[in-house]
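Report on the structure given below.
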Protein chains: 2
Amino acid sequence: MPYDPSAFPPFAVTVDLVVLTVRRHSLCALAVRRGEPPFQGRWALPGGFVRADEDLAQAAARELAEVTGLRVHDPFAPVQDNGAHLEQLATYGDPKRDPRMRVVSVAHLALAPDLPAPRAGSDAGDARWAPVEELLQQGGYGRDGEPVAPLAFDHTQILADGVERARSKIEYSSLATAFCPPEFTVGELRRVYEAVWSVALDPRNFHRKVTGTPGFLVPTGGTTTRQGGRPAQLFRAGGATLLNPPMLRPEV
Amino acid sequence: MPYDPSAFPPFAVTVDLVVLTVRRHSLCALAVRRGEPPFQGRWALPGGFVRADEDLAQAAARELAEVTGLRVHDPFAPVQDNGAHLEQLATYGDPKRDPRMRVVSVAHLALAPDLPAPRAGSDAGDARWAPVEELLQQGGYGRDGEPVAPLAFDHTQILADGVERARSKIEYSSLATAFCPPEFTVGELRRVYEAVWSVALDPRNFHRKVTGTPGFLVPTGGTTTRQGGRPAQLFRAGGATLLNPPMLRPEV
DNA sequence: GATCATAGTCGTCTGCCTGACGATAAGCAC
DNA sequence: GTGCTTATCGTCAGGCAGACGACTATGATC
């Protein structure tokens, strides 16, 4: 097949972001309100077009910075700089997913520590952190009794896939530390797991597991009483990225 | 940002396929020889443009059928029809990955039982199964002493990612059965694991593990002596897709 | 037909890890 | 000090995996 520009249809390529964090003991995702059609006024995941000279990861990092102000961790520098973890999630290309034209969206998953407040993006009228259960229940009623409209486009599916990725990935990787500030206690890390998995974990077994896994946690020497009760040791994330054996997610 | 067709650059979108199978005790991938520039004469992964009215998964299934004649398993019908397993792998969009124009490729991973011979695709001059180590070692020398040229484009990276996905996924899923014919023995399944992981497994512990995992294997009642030695029971894949606890991959 | 090689299948034992849970430590509020 | 909270250490039993012995049932070879 010789090179013939008319031989293939043109596509628009976007990146959409599933940005997750843990706030008030529940897993939350960043949603922006759409300012223009289609789906005007509905909530959606942040995202935008990939520019002509941009890599996909660059585009995702740029979008993330625009909406949250977060920078992305250098994956080869496991030092905590309050940046976020960013990875490609999946690509969505149903011909009808955008009524305007043929759009292929490369979704990315970002995990961030709890942030003060979402920064309203330049082109997004409004932005907020919302519990993922609230965003995923389509056509139901939110905690305040208001009817909940499903997310725009196929973003409910994208969000569900991102949440599932995060839930499974903290089992066998040290990624849960991406939800924590640079220094954190074992209890704080445990509450991350509990929020992401929506389960209760035994504090004693959890402590034994995470402190016994080489390279997972590095004590910084400090202690804190942020949570009340007996002061807890502070840790940073160690260099290990894969947990072997993994954390076990209790069944239901 | 109002809808403005000039606001985004046009992309070409392709699907590329990492098609894996196990032949002669080694993990092999399907490679096609490129008939035209760029990279004319070099080996590459099979792939092609996504059509205007096609979903990404449809495009991948069509490409797979064109090159191998394989149909794809209905994921909700775990019956063995000698079809292949197909899943999205990742998307590659470096601005310079194709010298002709901006191409975003949505790579897919296909796992297939051993096939008689690759069917030379309509637009691919030649096709072959090659051991993945041979395809992944760039610029070295193959088993026949011939110099080995690296795969075209970024296909070496895509293949490496696909192989890694397959290697990790057979740990915690029943996907290894996708490499087997509809009916197979425990020994044949073990040889799949050994080929994919490049390790030797204890036949007795392996047998205990796979037959003891509920829903993994279903005995068909028949036996076979395909491999010589004592006749072995035949099994089909059971309904279970997730293995809990997982198969453990020996280190190194 | 006896013997051997090959592959399959069943058991045993030991060590490690996990879940359940008791006990103690060290802060804060009153 | 009392009570409450959270952190941390220990103990114990059950389950599972690795190492490996033993036996079974074929085909190949003598």
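Each chain in the structure tokens gets a letter, A, B and so on, in the order shown; residues start at 1 in every chain, and ligands are counted from 1 in the order they appear.
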Residues of chain D within 8 Å of chain A, only C-alpha atoms (C1' of nucleotides) counted, as a PDB file with C-alpha atoms (C1' of nucleotides), in the first residue's frame:
```
ATOM      1  C1'  DT D   5      -7.571   7.073  70.537  1.00  0.00           C
ATOM      2  C1'  DT D   6      -4.052   5.365  67.612  1.00  0.00           C
ATOM      3  C1'  DA D   7       0.389   2.893  67.164  1.00  0.00           C
ATOM      4  C1'  DT D   8       3.173  -1.126  67.651  1.00  0.00           C
TER       5       DT D   8
END
```
Neighbours of chain B in chain C at 6 Å, counting only C-alpha atoms (C1' of nucleotides), as a list of chain:residue names: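 Only these qualify: C:DT6, C:DA7, C:DG8.
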Let me see the file: selected residues, all heavy atoms, as a PDB file, in the first residue's frame.
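Contents of result25.pdb, as written:
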```
ATOM      1  P    DT C   6      14.203 -40.537  28.402  1.00  0.00           P
ATOM      2  OP1  DT C   6      14.770 -39.724  27.340  1.00  0.00           O
ATOM      3  OP2  DT C   6      14.686 -40.453  29.794  1.00  0.00           O
ATOM      4  O5'  DT C   6      12.635 -40.306  28.430  1.00  0.00           O
ATOM      5  C5'  DT C   6      11.841 -40.654  27.299  1.00  0.00           C
ATOM      6  C4'  DT C   6      10.383 -40.409  27.635  1.00  0.00           C
ATOM      7  O4'  DT C   6       9.887 -41.494  28.442  1.00  0.00           O
ATOM      8  C3'  DT C   6      10.142 -39.124  28.420  1.00  0.00           C
ATOM      9  O3'  DT C   6       9.223 -38.305  27.715  1.00  0.00           O
ATOM     10  C2'  DT C   6       9.562 -39.600  29.750  1.00  0.00           C
ATOM     11  C1'  DT C   6       8.999 -40.966  29.392  1.00  0.00           C
ATOM     12  N1   DT C   6       8.937 -41.907  30.524  1.00  0.00           N
ATOM     13  C2   DT C   6       7.773 -42.568  30.765  1.00  0.00           C
ATOM     14  O2   DT C   6       6.780 -42.429  30.093  1.00  0.00           O
ATOM     15  N3   DT C   6       7.812 -43.428  31.845  1.00  0.00           N
ATOM     16  C4   DT C   6       8.880 -43.677  32.675  1.00  0.00           C
ATOM     17  O4   DT C   6       8.802 -44.455  33.607  1.00  0.00           O
ATOM     18  C5   DT C   6      10.086 -42.946  32.359  1.00  0.00           C
ATOM     19  C7   DT C   6      11.319 -43.137  33.194  1.00  0.00           C
ATOM     20  C6   DT C   6      10.063 -42.104  31.311  1.00  0.00           C
ATOM     21  P    DA C   7       9.078 -36.754  28.134  1.00  0.00           P
ATOM     22  OP1  DA C   7       8.872 -35.986  26.894  1.00  0.00           O
ATOM     23  OP2  DA C   7      10.111 -36.397  29.115  1.00  0.00           O
ATOM     24  O5'  DA C   7       7.689 -36.797  28.905  1.00  0.00           O
ATOM     25  C5'  DA C   7       6.583 -37.293  28.194  1.00  0.00           C
ATOM     26  C4'  DA C   7       5.441 -37.585  29.107  1.00  0.00           C
ATOM     27  O4'  DA C   7       5.767 -38.714  29.932  1.00  0.00           O
ATOM     28  C3'  DA C   7       5.058 -36.454  30.059  1.00  0.00           C
ATOM     29  O3'  DA C   7       3.680 -36.166  29.861  1.00  0.00           O
ATOM     30  C2'  DA C   7       5.343 -36.999  31.447  1.00  0.00           C
ATOM     31  C1'  DA C   7       5.264 -38.500  31.217  1.00  0.00           C
ATOM     32  N9   DA C   7       6.102 -39.270  32.137  1.00  0.00           N
ATOM     33  C8   DA C   7       7.442 -39.143  32.358  1.00  0.00           C
ATOM     34  N7   DA C   7       7.916 -39.977  33.257  1.00  0.00           N
ATOM     35  C5   DA C   7       6.806 -40.701  33.650  1.00  0.00           C
ATOM     36  C6   DA C   7       6.626 -41.755  34.583  1.00  0.00           C
ATOM     37  N6   DA C   7       7.626 -42.250  35.314  1.00  0.00           N
ATOM     38  N1   DA C   7       5.383 -42.250  34.725  1.00  0.00           N
ATOM     39  C2   DA C   7       4.388 -41.732  33.998  1.00  0.00           C
ATOM     40  N3   DA C   7       4.430 -40.754  33.088  1.00  0.00           N
ATOM     41  C4   DA C   7       5.681 -40.277  32.966  1.00  0.00           C
ATOM     42  P    DG C   8       2.907 -35.137  30.757  1.00  0.00           P
ATOM     43  OP1  DG C   8       1.885 -34.527  29.891  1.00  0.00           O
ATOM     44  OP2  DG C   8       3.872 -34.307  31.490  1.00  0.00           O
ATOM     45  O5'  DG C   8       2.161 -36.092  31.781  1.00  0.00           O
ATOM     46  C5'  DG C   8       1.257 -37.056  31.252  1.00  0.00           C
ATOM     47  C4'  DG C   8       0.555 -37.772  32.386  1.00  0.00           C
ATOM     48  O4'  DG C   8       1.528 -38.540  33.132  1.00  0.00           O
ATOM     49  C3'  DG C   8      -0.131 -36.851  33.390  1.00  0.00           C
ATOM     50  O3'  DG C   8      -1.395 -37.417  33.706  1.00  0.00           O
ATOM     51  C2'  DG C   8       0.817 -36.854  34.583  1.00  0.00           C
ATOM     52  C1'  DG C   8       1.401 -38.246  34.502  1.00  0.00           C
ATOM     53  N9   DG C   8       2.727 -38.417  35.085  1.00  0.00           N
ATOM     54  C8   DG C   8       3.874 -37.753  34.740  1.00  0.00           C
ATOM     55  N7   DG C   8       4.918 -38.129  35.439  1.00  0.00           N
ATOM     56  C5   DG C   8       4.426 -39.102  36.286  1.00  0.00           C
ATOM     57  C6   DG C   8       5.080 -39.876  37.289  1.00  0.00           C
ATOM     58  O6   DG C   8       6.264 -39.858  37.614  1.00  0.00           O
ATOM     59  N1   DG C   8       4.195 -40.749  37.920  1.00  0.00           N
ATOM     60  C2   DG C   8       2.862 -40.859  37.627  1.00  0.00           C
ATOM     61  N2   DG C   8       2.171 -41.752  38.339  1.00  0.00           N
ATOM     62  N3   DG C   8       2.234 -40.141  36.707  1.00  0.00           N
ATOM     63  C4   DG C   8       3.076 -39.293  36.079  1.00  0.00           C
TER      64       DG C   8
END
```
Counting only C-alpha atoms, collect the residues of chain B whose closest atom lies at most 7 Å from chain A, and write them out as a PyMOL selection string. chain B and resi 1-2+8-13+36+49+51-56+90-91+93-95+123
Chain A superposed on chain B over all ordered C-alpha pairs, least squares: can you write that as a CSV table (one decimal) with C-alpha atoms, in the first residue's frame?
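result-v1.csv, written as the output of this step:
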```csv
chain,number,residue,atom,x,y,z
A,1,MET,CA,-13.7,26.3,23.5
A,2,PRO,CA,-16.3,26.2,20.7
A,3,TYR,CA,-16.2,23.5,18.1
A,4,ASP,CA,-13.7,24.5,15.5
A,5,PRO,CA,-12.3,21.9,13.2
A,6,SER,CA,-9.1,23.9,12.8
A,7,ALA,CA,-8.4,23.9,16.5
A,8,PHE,CA,-6.9,20.4,16.5
A,9,PRO,CA,-4.4,18.8,14.2
A,10,PRO,CA,-5.5,15.7,12.2
A,11,PHE,CA,-4.0,12.3,13.1
A,12,ALA,CA,-4.0,9.0,11.4
A,13,VAL,CA,-5.0,6.2,13.7
A,14,THR,CA,-3.8,2.6,13.2
A,15,VAL,CA,-3.9,-0.6,15.1
A,16,ASP,CA,-0.8,-2.8,15.5
A,17,LEU,CA,-1.0,-6.3,16.7
A,18,VAL,CA,1.3,-8.3,18.9
A,19,VAL,CA,0.1,-11.9,18.1
A,20,LEU,CA,1.7,-14.4,20.3
A,21,THR,CA,1.7,-18.2,20.2
A,22,VAL,CA,3.8,-21.0,21.6
A,23,ARG,CA,5.6,-23.1,19.0
A,24,ARG,CA,8.2,-25.7,19.7
A,25,HIS,CA,8.5,-24.8,23.4
A,26,SER,CA,9.2,-21.1,22.7
A,27,LEU,CA,7.1,-18.0,22.7
A,28,CYS,CA,6.7,-16.7,19.2
A,29,ALA,CA,5.3,-13.5,17.7
A,30,LEU,CA,3.9,-12.9,14.2
A,31,ALA,CA,6.0,-10.6,12.1
A,32,VAL,CA,5.3,-9.4,8.5
A,33,ARG,CA,7.9,-8.1,6.1
A,34,ARG,CA,7.2,-4.5,4.9
A,35,GLY,CA,6.7,-4.3,1.2
A,36,GLU,CA,7.1,-0.5,0.9
A,37,PRO,CA,8.9,2.4,2.5
A,38,PRO,CA,9.5,3.4,5.1
A,39,PHE,CA,11.4,0.5,6.6
A,40,GLN,CA,11.0,-1.4,3.3
A,41,GLY,CA,12.1,-5.0,3.7
A,42,ARG,CA,12.2,-4.8,7.5
A,43,TRP,CA,10.1,-7.0,9.7
A,44,ALA,CA,7.2,-5.3,11.5
A,45,LEU,CA,4.1,-6.1,13.5
A,46,PRO,CA,1.0,-6.6,11.5
A,47,GLY,CA,-1.3,-3.6,11.5
A,48,GLY,CA,-3.3,-1.1,9.5
A,49,PHE,CA,-5.4,2.0,9.5
A,50,VAL,CA,-8.6,2.2,11.5
A,51,ARG,CA,-11.5,2.7,9.1
A,52,ALA,CA,-14.0,5.6,9.5
A,53,ASP,CA,-16.8,3.6,10.9
A,54,GLU,CA,-14.9,1.1,12.9
A,55,ASP,CA,-14.3,0.7,16.6
A,56,LEU,CA,-10.8,0.1,17.7
A,57,ALA,CA,-11.5,-3.5,18.8
A,58,GLN,CA,-13.2,-4.2,15.5
A,59,ALA,CA,-10.2,-2.9,13.6
A,60,ALA,CA,-7.9,-5.1,15.6
A,61,ALA,CA,-10.1,-8.1,15.0
A,62,ARG,CA,-10.3,-7.4,11.3
A,63,GLU,CA,-6.5,-7.1,11.0
A,64,LEU,CA,-6.1,-10.3,13.0
A,65,ALA,CA,-8.4,-12.2,10.7
A,66,GLU,CA,-6.7,-10.8,7.7
A,67,VAL,CA,-3.3,-12.0,8.7
A,68,THR,CA,-4.0,-15.2,10.6
A,69,GLY,CA,-7.6,-16.2,9.6
A,70,LEU,CA,-8.3,-16.3,13.4
A,71,ARG,CA,-11.6,-15.2,14.8
A,72,VAL,CA,-11.8,-13.6,18.2
A,73,HIS,CA,-13.3,-15.3,21.2
A,74,ASP,CA,-16.5,-13.9,22.4
A,75,PRO,CA,-15.4,-12.8,25.8
A,76,PHE,CA,-18.7,-13.8,27.3
A,77,ALA,CA,-18.7,-17.2,25.8
A,78,PRO,CA,-15.9,-19.1,27.4
A,79,VAL,CA,-16.4,-22.0,24.9
A,80,GLN,CA,-13.4,-23.1,22.9
A,81,ASP,CA,-13.8,-22.3,19.3
A,82,ASN,CA,-10.1,-22.2,18.4
A,83,GLY,CA,-10.4,-18.4,18.4
A,84,ALA,CA,-7.9,-16.0,19.8
A,85,HIS,CA,-7.9,-13.8,22.9
A,86,LEU,CA,-7.7,-10.1,21.9
A,87,GLU,CA,-7.2,-7.2,24.2
A,88,GLN,CA,-6.0,-3.6,23.9
A,89,LEU,CA,-2.4,-3.2,24.9
A,90,ALA,CA,-1.4,0.4,24.8
A,91,THR,CA,-1.2,3.4,22.5
A,92,TYR,CA,1.9,4.8,21.0
A,93,GLY,CA,1.9,8.4,19.7
A,94,ASP,CA,5.4,9.8,19.6
A,95,PRO,CA,5.3,12.6,17.0
A,96,LYS,CA,8.3,11.1,15.2
A,97,ARG,CA,7.3,7.4,15.3
A,98,ASP,CA,6.3,7.5,11.7
A,99,PRO,CA,8.4,9.6,9.4
A,100,ARG,CA,5.5,10.2,6.9
A,101,MET,CA,3.0,11.8,9.2
A,102,ARG,CA,1.5,12.0,12.6
A,103,VAL,CA,0.3,8.5,13.4
A,104,VAL,CA,-1.1,7.2,16.6
A,105,SER,CA,-1.1,3.5,16.9
A,106,VAL,CA,-3.4,1.6,19.3
A,107,ALA,CA,-1.6,-1.7,19.9
A,108,HIS,CA,-3.5,-4.8,20.7
A,109,LEU,CA,-2.3,-8.1,22.1
A,110,ALA,CA,-3.6,-11.4,20.7
A,111,LEU,CA,-2.9,-14.8,22.1
A,112,ALA,CA,-3.5,-17.8,19.8
A,113,PRO,CA,-3.0,-21.5,19.9
A,114,ASP,CA,-0.3,-22.9,17.7
A,115,LEU,CA,-1.3,-22.4,14.1
A,116,PRO,CA,-0.4,-24.4,11.0
A,117,ALA,CA,1.3,-21.5,9.1
A,118,PRO,CA,0.9,-17.8,8.8
A,119,ARG,CA,-1.2,-16.7,6.0
A,120,ALA,CA,0.6,-14.1,3.9
A,121,GLY,CA,-1.6,-11.0,4.1
A,122,SER,CA,-2.9,-9.3,1.1
A,123,ASP,CA,-0.6,-6.3,1.5
A,124,ALA,CA,2.2,-8.0,3.5
A,125,GLY,CA,4.7,-9.6,1.2
A,126,ASP,CA,5.7,-12.2,3.8
A,127,ALA,CA,4.8,-13.3,7.3
A,128,ARG,CA,6.4,-15.6,9.8
A,129,TRP,CA,6.4,-16.7,13.4
A,130,ALA,CA,9.6,-15.8,15.1
A,131,PRO,CA,10.8,-16.4,18.7
A,132,VAL,CA,10.3,-13.2,20.6
A,133,GLU,CA,13.9,-13.2,21.9
A,134,GLU,CA,15.0,-13.1,18.3
A,135,LEU,CA,12.8,-10.2,17.4
A,136,LEU,CA,13.6,-8.3,20.5
A,137,GLN,CA,17.4,-8.5,20.2
A,138,GLN,CA,18.2,-5.5,18.1
A,139,GLY,CA,21.2,-5.5,15.8
A,140,GLY,CA,22.4,-8.9,17.0
A,141,TYR,CA,22.6,-12.1,15.1
A,142,GLY,CA,19.9,-14.7,14.8
A,143,ARG,CA,20.2,-18.4,15.5
A,144,ASP,CA,21.3,-18.9,11.9
A,145,GLY,CA,24.1,-16.4,12.2
A,146,GLU,CA,22.3,-13.9,10.0
A,147,PRO,CA,22.4,-10.3,11.2
A,148,VAL,CA,19.1,-9.3,12.6
A,149,ALA,CA,17.6,-5.9,11.8
A,150,PRO,CA,15.4,-4.3,14.5
A,151,LEU,CA,11.7,-4.2,13.8
A,152,ALA,CA,10.3,-1.2,12.0
A,153,PHE,CA,9.0,1.9,13.7
A,154,ASP,CA,8.7,1.5,17.5
A,155,HIS,CA,7.6,-2.0,17.1
A,156,THR,CA,10.4,-3.5,19.2
A,157,GLN,CA,9.0,-1.5,22.1
A,158,ILE,CA,5.4,-2.5,21.4
A,159,LEU,CA,6.4,-6.1,21.2
A,160,ALA,CA,8.3,-5.9,24.4
A,161,ASP,CA,5.3,-4.4,26.1
A,162,GLY,CA,3.0,-7.1,24.8
A,163,VAL,CA,5.3,-9.9,25.9
A,164,GLU,CA,5.6,-8.4,29.3
A,165,ARG,CA,1.8,-8.1,29.5
A,166,ALA,CA,1.3,-11.7,28.5
A,167,ARG,CA,4.0,-12.8,31.0
A,168,SER,CA,2.4,-11.1,33.9
A,169,LYS,CA,-1.2,-11.7,32.9
A,170,ILE,CA,-0.9,-15.5,32.9
A,171,GLU,CA,0.1,-15.2,36.6
A,172,TYR,CA,-3.3,-14.1,37.8
A,173,SER,CA,-5.7,-15.0,35.0
A,174,SER,CA,-6.5,-18.2,33.2
A,175,LEU,CA,-5.3,-16.6,29.9
A,176,ALA,CA,-2.6,-19.3,29.4
A,177,THR,CA,-5.4,-21.5,28.1
A,178,ALA,CA,-5.7,-19.1,25.1
A,179,PHE,CA,-2.4,-20.6,23.9
A,180,CYS,CA,-3.9,-24.1,24.0
A,181,PRO,CA,-6.2,-26.0,21.7
A,182,PRO,CA,-9.8,-26.5,22.9
A,183,GLU,CA,-8.8,-29.6,24.7
A,184,PHE,CA,-5.4,-30.0,26.4
A,185,THR,CA,-3.5,-31.8,29.1
A,186,VAL,CA,-2.0,-30.4,32.3
A,187,GLY,CA,1.4,-31.0,30.8
A,188,GLU,CA,0.6,-29.0,27.7
A,189,LEU,CA,-0.6,-26.1,29.8
A,190,ARG,CA,2.6,-26.4,31.9
A,191,ARG,CA,4.7,-26.2,28.8
A,192,VAL,CA,2.9,-23.0,27.9
A,193,TYR,CA,3.9,-21.4,31.2
A,194,GLU,CA,7.4,-22.7,30.8
A,195,ALA,CA,7.7,-21.2,27.3
A,196,VAL,CA,6.2,-17.9,28.1
A,197,TRP,CA,8.2,-17.5,31.3
A,198,SER,CA,11.3,-19.3,30.1
A,199,VAL,CA,11.5,-21.3,33.3
A,200,ALA,CA,11.2,-24.9,34.3
A,201,LEU,CA,8.3,-25.7,36.6
A,202,ASP,CA,7.8,-28.7,38.8
A,203,PRO,CA,5.3,-30.9,37.1
A,204,ARG,CA,3.9,-32.2,40.4
A,205,ASN,CA,3.3,-28.9,42.1
A,206,PHE,CA,2.0,-27.4,38.8
A,207,HIS,CA,-0.5,-30.3,38.6
A,208,ARG,CA,-1.6,-29.8,42.1
A,209,LYS,CA,-2.0,-26.0,41.6
A,210,VAL,CA,-4.0,-26.0,38.4
A,211,THR,CA,-6.3,-28.9,39.3
A,212,GLY,CA,-6.9,-27.5,42.7
A,213,THR,CA,-8.0,-24.0,41.5
A,214,PRO,CA,-11.8,-24.1,41.2
A,215,GLY,CA,-13.1,-23.2,37.8
A,216,PHE,CA,-9.7,-23.1,36.1
A,217,LEU,CA,-9.9,-26.5,34.4
A,218,VAL,CA,-12.8,-28.8,33.6
A,219,PRO,CA,-12.1,-32.5,32.8
A,220,THR,CA,-13.6,-33.6,29.5
A,221,GLY,CA,-13.3,-37.3,30.4
A,222,GLY,CA,-11.0,-38.1,27.5
A,223,THR,CA,-7.3,-38.9,27.7
A,224,THR,CA,-4.5,-38.6,25.3
A,225,THR,CA,-0.9,-39.8,24.8
A,226,ARG,CA,0.1,-37.0,22.4
A,227,GLN,CA,3.2,-36.4,24.5
A,228,GLY,CA,4.3,-40.0,25.0
A,229,GLY,CA,4.4,-41.5,28.4
A,230,ARG,CA,1.4,-42.3,30.5
A,231,PRO,CA,-1.9,-41.1,29.1
A,232,ALA,CA,-3.0,-37.7,30.4
A,233,GLN,CA,-6.5,-36.4,31.2
A,234,LEU,CA,-7.9,-33.9,28.8
A,235,PHE,CA,-9.3,-30.6,30.1
A,236,ARG,CA,-11.1,-27.6,28.7
A,237,ALA,CA,-10.8,-24.1,30.2
A,238,GLY,CA,-13.3,-23.5,33.0
A,239,GLY,CA,-15.3,-20.4,33.4
A,240,ALA,CA,-12.9,-18.8,35.9
A,241,THR,CA,-10.9,-15.9,34.4
A,242,LEU,CA,-9.1,-14.7,37.6
A,243,LEU,CA,-6.8,-17.0,39.5
A,244,ASN,CA,-6.9,-16.5,43.2
A,245,PRO,CA,-4.3,-17.1,44.6
A,246,PRO,CA,-2.2,-16.5,41.4
A,247,MET,CA,0.3,-18.8,39.8
A,248,LEU,CA,3.7,-17.8,41.1
A,249,ARG,CA,6.4,-17.0,38.6
A,250,PRO,CA,9.7,-18.3,39.9
A,251,GLU,CA,12.3,-15.6,40.1
A,252,VAL,CA,14.7,-15.8,37.3
```
Would you kindly return, as a list in words, each protein, DNA or RNA residue with an atom no farther than 12 Å from any atom of DT2 of chain D, considering only C-alpha atoms (C1' of nucleotides) and excluding same-chain residues fewer than 2 positions away?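 With the cut-off at 12 Å, the set is DA29 and DC30 of chain C; DC4 of chain D.
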Shell of 12 Å around DA22 of chain D, only C-alpha atoms (C1' of nucleotides), local chain residues under 3 positions omitted, as a ChimeraX atom specification: /C:9-12
Apply DSSP to the backbone of this structure and, from segment 32-236 of chain A, keep only the residues in strand (DSSP E or B); write these as a count of residues only. 49
Residues near DC4 of chain C, cut-off 10 Å, only C-alpha atoms (C1' of nucleotides), skip fewer than 3 positions along chain, as a list in words: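 Counting only the stated atoms, we get DA28, DT29 and DC30 of chain D.
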